[in-house]
Amino acid sequence: MRNFQLSALMLIVALTFSQRHAQGQQTTPAKDVQSVNSELREKAFSVLVSLAGQLNTLQSAENRARIGANIADSLWSHDETRARALFKLVQDDIQLHLTIPDGQDRDELNTFMVFLKLRSDTIERIAKRDPEMAYAFFNDTRVDLIKLPPYMVDNERNLDLRLSRQLVTQSPEIAVKLARESLARGLSEEVFEVLVRLNRKNQEQSLVLYRAIIEKMRTIDFREDWQARQYAYGLAVNFKPPRIDESAFRELIGLLVSRALENGCDRAEAERDDQLCRWVVPIVAGVNTSDPRAARLKQRPSKVDAAEEFPEALLDLNETAEGGTVDDILALAAKYPENVDDIYWRAMLKARQSGDLEKMRKIVSDFPGSPERRQQMLEEVERIRRASVIDEEKLTEFRRSLEATPRLQDRIQMLTFAAYRFGTNDHKRALKFLNEAEQLIDTMKPGKDQAEARIILAIVYCVEKDDRGFTIMESMMPTLNGLVDAAVKLDGYDTSYLREGEWNMSAAGGIGELLTRLSESAQIFAGSDFDRALSLAAQFERPEIRIMAQVKLAQGVLAGPHQRVITRY
């Protein structure tokens, strides 16, 4: 019974965060599908170009920056010159609003935080395209960390490390530059992660960062800083020759030996700093070193703490699974045949994320590993298959659960989710569930809950490529415009809906949540009928909302068809 008692959140997550890949089965010939997709993409680019020309009509710098960054990111592959120009305009708008507020005015602080977030989001977008441009944007929009309110400091401090991690492959030189700058604030796990990734991608730059870390360690008192001791231990255990240059490794061990001798670790027990010696002596004893002083420490035998080096295969697998495709993951099997079980398992999980049951079956069919793992994979495929199929037993269970659910809103959620879940294999049944949910929604008390239920219903109708989805949304447009108008009049009473005279796209409050829900589902509306979706968005009376809605629809086309995700519960 628990399979059907599902919250609206589950459906929203499935709709919003599903992988954006084409559906597994096509009823249209491949050439025709490709032609249609190409035409849609060109139409989407044309829409974005047109909307870019309307940015200067917006009063709000936040809206110009937010919408401009979205358009620039999507236009880059189509018109790089225009995209670069847009990113420069975005930078100008952001820079003007990065002055740290002097007082404690809540609105001023909130606006400043919004622009800080826009800054970091834009930098990460640019970094995917042009590392040099991203680094220049980062430098040109720096803020004074000393003047920042304490609760903002950590996130802002970590931006350079997030950018460094992102640029390891694209621009290792800039990645190292950013990581070295962060060392001024101290050692961190993020710098260590950058070093690990660099070591696999670019030995030369890895060595630069490794030596910079050692130089930082020379300024640290290991007796007082246990985190620095752990850091040094990680370096010594995980970066031995040939993984790292032998001379650099000798520098690290030489530093540790010097600290050990300075603290009497070669003297009698009563004359030495036991806290530091218990840490450093096992490290030095556990490595091969040509430092003659190390022998004085090794005369006092100590048990070396158990520690394993980072397995190269695991590092490679994690990184590939994070940013690569299923085929990228499977390609690792030839490189690491001894890890074939884990590689195929991760590939299958990646295929499951995109709801591609046929791909999962193919992975199991090709699997060359252990019988135990094959059986585990077969069971997973079968669970996913069963989750997307409704039979008489499951239907009876669902009806029993539905009748036992007293709350109207919960019954509506159950019906809507069931339609989404089983629509892949039973379109007619899915529409029956949706029609039943719609009848229940009509009996609800008018208000936010009813409006949100109708929006979700319309979304799932569009997933099913049913015209009813747009009919519902078209009937709701006067209501949505009326709600927006009322929210503008009440701006500042329950929440701040406006900034610089325009609708704030990051607005909280009930109306903001409804519009956000629509924005998150733009891919589904665009994939159902792009032209009709554009016409629907054009009915928003406030131009800033209309422009953002149409940008999201164009981005939805470029992202590809919505892939229904069926998970097991």
# chains A, B, ... in the order shown; residues from 1 in each chain; ligands from 1
>>> residues_around(residues="Asn318 of chain A", least_positions_apart="3", cutoff="12 Å", atoms="only C-alpha atoms", output="number ranges by chain")
A: 197, 310-315, 321-324, 328-329, 332, 342-343, 346-347, 350
>>> atom_distance(atom1="atom CA of Asp426 of chain A", atom2="atom CA of Leu408 of chain A")
24.7 Å
>>> residues_around(residues="Val463 of chain A", least_positions_apart="4", cutoff="9 Å", atoms="only C-alpha atoms", output="ChimeraX atom specification")
/A:420,423,458-459,469,524-525,527-528,562,564
>>> write_last_selection(atoms="N, CA and C atoms", output="PDB file, in the first residue's frame")
ATOM      1  N   TYR A 420       1.540   9.728 -13.843  1.00  0.00           N
ATOM      2  CA  TYR A 420       2.913   9.957 -14.305  1.00  0.00           C
ATOM      3  C   TYR A 420       3.716   8.651 -14.297  1.00  0.00           C
ATOM      4  N   GLY A 423       2.162   6.017 -16.983  1.00  0.00           N
ATOM      5  CA  GLY A 423       1.837   6.500 -18.326  1.00  0.00           C
ATOM      6  C   GLY A 423       2.735   5.940 -19.409  1.00  0.00           C
ATOM      7  N   ALA A 458      -1.871  19.907 -15.028  1.00  0.00           N
ATOM      8  CA  ALA A 458      -1.598  20.356 -16.397  1.00  0.00           C
ATOM      9  C   ALA A 458      -0.238  19.852 -16.868  1.00  0.00           C
ATOM     10  N   ILE A 459       0.740  19.857 -15.987  1.00  0.00           N
ATOM     11  CA  ILE A 459       2.075  19.389 -16.340  1.00  0.00           C
ATOM     12  C   ILE A 459       2.037  17.925 -16.759  1.00  0.00           C
ATOM     13  N   GLY A 469      -3.744  19.658 -20.972  1.00  0.00           N
ATOM     14  CA  GLY A 469      -2.761  20.388 -20.175  1.00  0.00           C
ATOM     15  C   GLY A 469      -2.751  21.864 -20.506  1.00  0.00           C
ATOM     16  N   ILE A 524       8.781  20.531 -20.115  1.00  0.00           N
ATOM     17  CA  ILE A 524       7.642  19.660 -20.431  1.00  0.00           C
ATOM     18  C   ILE A 524       6.636  20.391 -21.324  1.00  0.00           C
ATOM     19  N   PHE A 525       6.309  21.631 -20.982  1.00  0.00           N
ATOM     20  CA  PHE A 525       5.390  22.403 -21.821  1.00  0.00           C
ATOM     21  C   PHE A 525       5.972  22.608 -23.219  1.00  0.00           C
ATOM     22  N   GLY A 527       8.180  20.795 -24.762  1.00  0.00           N
ATOM     23  CA  GLY A 527       8.245  19.532 -25.490  1.00  0.00           C
ATOM     24  C   GLY A 527       6.902  19.049 -25.969  1.00  0.00           C
ATOM     25  N   SER A 528       5.844  19.490 -25.305  1.00  0.00           N
ATOM     26  CA  SER A 528       4.504  19.085 -25.718  1.00  0.00           C
ATOM     27  C   SER A 528       4.047  19.869 -26.935  1.00  0.00           C
ATOM     28  N   HIS A 562      11.637  15.785 -22.367  1.00  0.00           N
ATOM     29  CA  HIS A 562      11.554  15.312 -20.979  1.00  0.00           C
ATOM     30  C   HIS A 562      11.616  13.795 -20.955  1.00  0.00           C
ATOM     31  N   ARG A 564      10.763  10.697 -18.788  1.00  0.00           N
ATOM     32  CA  ARG A 564      10.013  10.264 -17.612  1.00  0.00           C
ATOM     33  C   ARG A 564      10.881   9.325 -16.777  1.00  0.00           C
TER      34      ARG A 564
END
>>> residues_around(residues="Glu42 of chain A", least_positions_apart="4", cutoff="12 Å", atoms="only C-alpha atoms", output="list in words")
Ser35, Val36, Asn37, Ser38, Ser46, Val47, Leu48, Val49, Leu75, Ser77, His78, Asp79, Ala554, Gln555, Val557 and Leu558 of chain A
>>> write_last_selection(atoms="N, CA and C atoms", output="mmCIF file, in the first residue's frame")
data_model
loop_
_atom_site.group_PDB
_atom_site.id
_atom_site.type_symbol
_atom_site.label_atom_id
_atom_site.label_comp_id
_atom_site.auth_asym_id
_atom_site.auth_seq_id
_atom_site.Cartn_x
_atom_site.Cartn_y
_atom_site.Cartn_z
ATOM 1 N N SER A 35 14.839 15.885 -38.025
ATOM 2 C CA SER A 35 14.479 17.096 -38.744
ATOM 3 C C SER A 35 13.606 18.005 -37.891
ATOM 4 N N VAL A 36 12.604 17.414 -37.225
ATOM 5 C CA VAL A 36 11.720 18.187 -36.355
ATOM 6 C C VAL A 36 12.515 18.816 -35.225
ATOM 7 N N ASN A 37 13.402 18.043 -34.603
ATOM 8 C CA ASN A 37 14.207 18.556 -33.503
ATOM 9 C C ASN A 37 15.095 19.708 -33.964
ATOM 10 N N SER A 38 15.673 19.581 -35.158
ATOM 11 C CA SER A 38 16.532 20.635 -35.685
ATOM 12 C C SER A 38 15.741 21.917 -35.906
ATOM 13 N N SER A 46 16.095 31.407 -32.248
ATOM 14 C CA SER A 46 15.512 32.661 -32.733
ATOM 15 C C SER A 46 14.756 33.381 -31.623
ATOM 16 N N VAL A 47 14.035 32.623 -30.824
ATOM 17 C CA VAL A 47 13.316 33.214 -29.691
ATOM 18 C C VAL A 47 14.294 33.855 -28.718
ATOM 19 N N LEU A 48 15.387 33.163 -28.425
ATOM 20 C CA LEU A 48 16.377 33.693 -27.479
ATOM 21 C C LEU A 48 17.023 34.968 -28.006
ATOM 22 N N VAL A 49 17.340 34.989 -29.298
ATOM 23 C CA VAL A 49 17.930 36.197 -29.895
ATOM 24 C C VAL A 49 16.952 37.366 -29.782
ATOM 25 N N LEU A 75 22.770 30.560 -25.712
ATOM 26 C CA LEU A 75 23.129 31.004 -27.060
ATOM 27 C C LEU A 75 24.580 30.704 -27.439
ATOM 28 N N SER A 77 26.596 28.213 -28.015
ATOM 29 C CA SER A 77 26.927 27.307 -29.121
ATOM 30 C C SER A 77 26.380 27.811 -30.458
ATOM 31 N N HIS A 78 25.407 28.686 -30.409
ATOM 32 C CA HIS A 78 24.756 29.185 -31.620
ATOM 33 C C HIS A 78 25.370 30.505 -32.087
ATOM 34 N N ASP A 79 25.707 31.373 -31.138
ATOM 35 C CA ASP A 79 26.246 32.690 -31.474
ATOM 36 C C ASP A 79 27.150 33.125 -30.325
ATOM 37 N N ALA A 554 12.367 28.186 -24.326
ATOM 38 C CA ALA A 554 13.406 27.968 -25.347
ATOM 39 C C ALA A 554 14.507 27.069 -24.808
ATOM 40 N N GLN A 555 14.895 27.294 -23.566
ATOM 41 C CA GLN A 555 15.903 26.426 -22.946
ATOM 42 C C GLN A 555 15.392 24.996 -22.830
ATOM 43 N N VAL A 557 13.451 23.439 -24.932
ATOM 44 C CA VAL A 557 13.626 22.804 -26.243
ATOM 45 C C VAL A 557 15.081 22.381 -26.434
ATOM 46 N N LEU A 558 16.007 23.267 -26.094
ATOM 47 C CA LEU A 558 17.430 22.976 -26.286
ATOM 48 C C LEU A 558 17.905 21.848 -25.373
#
>>> select_by_dssp(residues="segment 354-409 of chain A", states="alpha helix (DSSP H)", output="PyMOL selection string")
chain A and resi 357-366+371-387+392-403+408-409
>>> residues_around(residues="Glu382 of chain A", least_positions_apart="2", cutoff="12 Å", atoms="only C-alpha atoms", output="ChimeraX atom specification")
/A:352,357-358,360-361,364,375-380,384-389,567-568
>>> residues_around(residues="Met444 of chain A", least_positions_apart="4", cutoff="12 Å", atoms="only C-alpha atoms", output="ChimeraX atom specification")
/A:407-412,437-440,448-454
>>> select_by_dssp(residues="segment 470-567 of chain A", states="strand (DSSP E)", output="compact mmCIF listing (two decimals) with N, CA, C and O atoms, in the first residue's frame")
# COMPACT_ATOMS: atom_id res chain seq x y z
N LEU A 498 8.71 42.63 -5.42
CA LEU A 498 9.31 43.53 -6.41
C LEU A 498 10.73 43.92 -6.01
O LEU A 498 11.06 43.99 -4.83
N ARG A 499 11.55 44.16 -7.03
CA ARG A 499 12.85 44.77 -6.82
C ARG A 499 13.09 45.73 -7.97
O ARG A 499 12.97 45.33 -9.13
N GLU A 502 10.21 45.89 -10.55
CA GLU A 502 9.83 44.72 -11.36
C GLU A 502 9.72 43.47 -10.49
O GLU A 502 10.25 43.41 -9.38
N TRP A 503 9.03 42.49 -11.06
CA TRP A 503 8.83 41.23 -10.34
C TRP A 503 10.19 40.58 -10.06
O TRP A 503 11.05 40.48 -10.93
>>> residues_around(residues="segment 143-149 of chain A", least_positions_apart="6", cutoff="8 Å", atoms="only C-alpha atoms", output="PyMOL selection string")
chain A and resi 98-100+156-157
>>> atom_distance(atom1="atom CA of Gln539 of chain A", atom2="atom CA of Asp485 of chain A")
13.6 Å
>>> closest_residue(among="A:Thr405, A:Cys277, A:Ala295, A:Leu434", to="Gly264 of chain A", atoms="only C-alpha atoms")
A:Cys277
>>> closest_residue(among="A:Gly556, A:Thr325, A:Glu80, A:Asp93", to="Gln353 of chain A", atoms="only C-alpha atoms")
A:Thr325
>>> atom_distance(atom1="atom CA of Glu403 of chain A", atom2="atom CA of Leu431 of chain A")
19.2 Å
>>> closest_residue(among="A:Gly482, A:Pro150, A:Gly512, A:Gly355", to="Val565 of chain A", atoms="only C-alpha atoms")
A:Gly355
>>> closest_residue(among="A:Ser354, A:Gln227, A:Ser401, A:Ser535", to="Ile547 of chain A", atoms="only C-alpha atoms")
A:Ser535
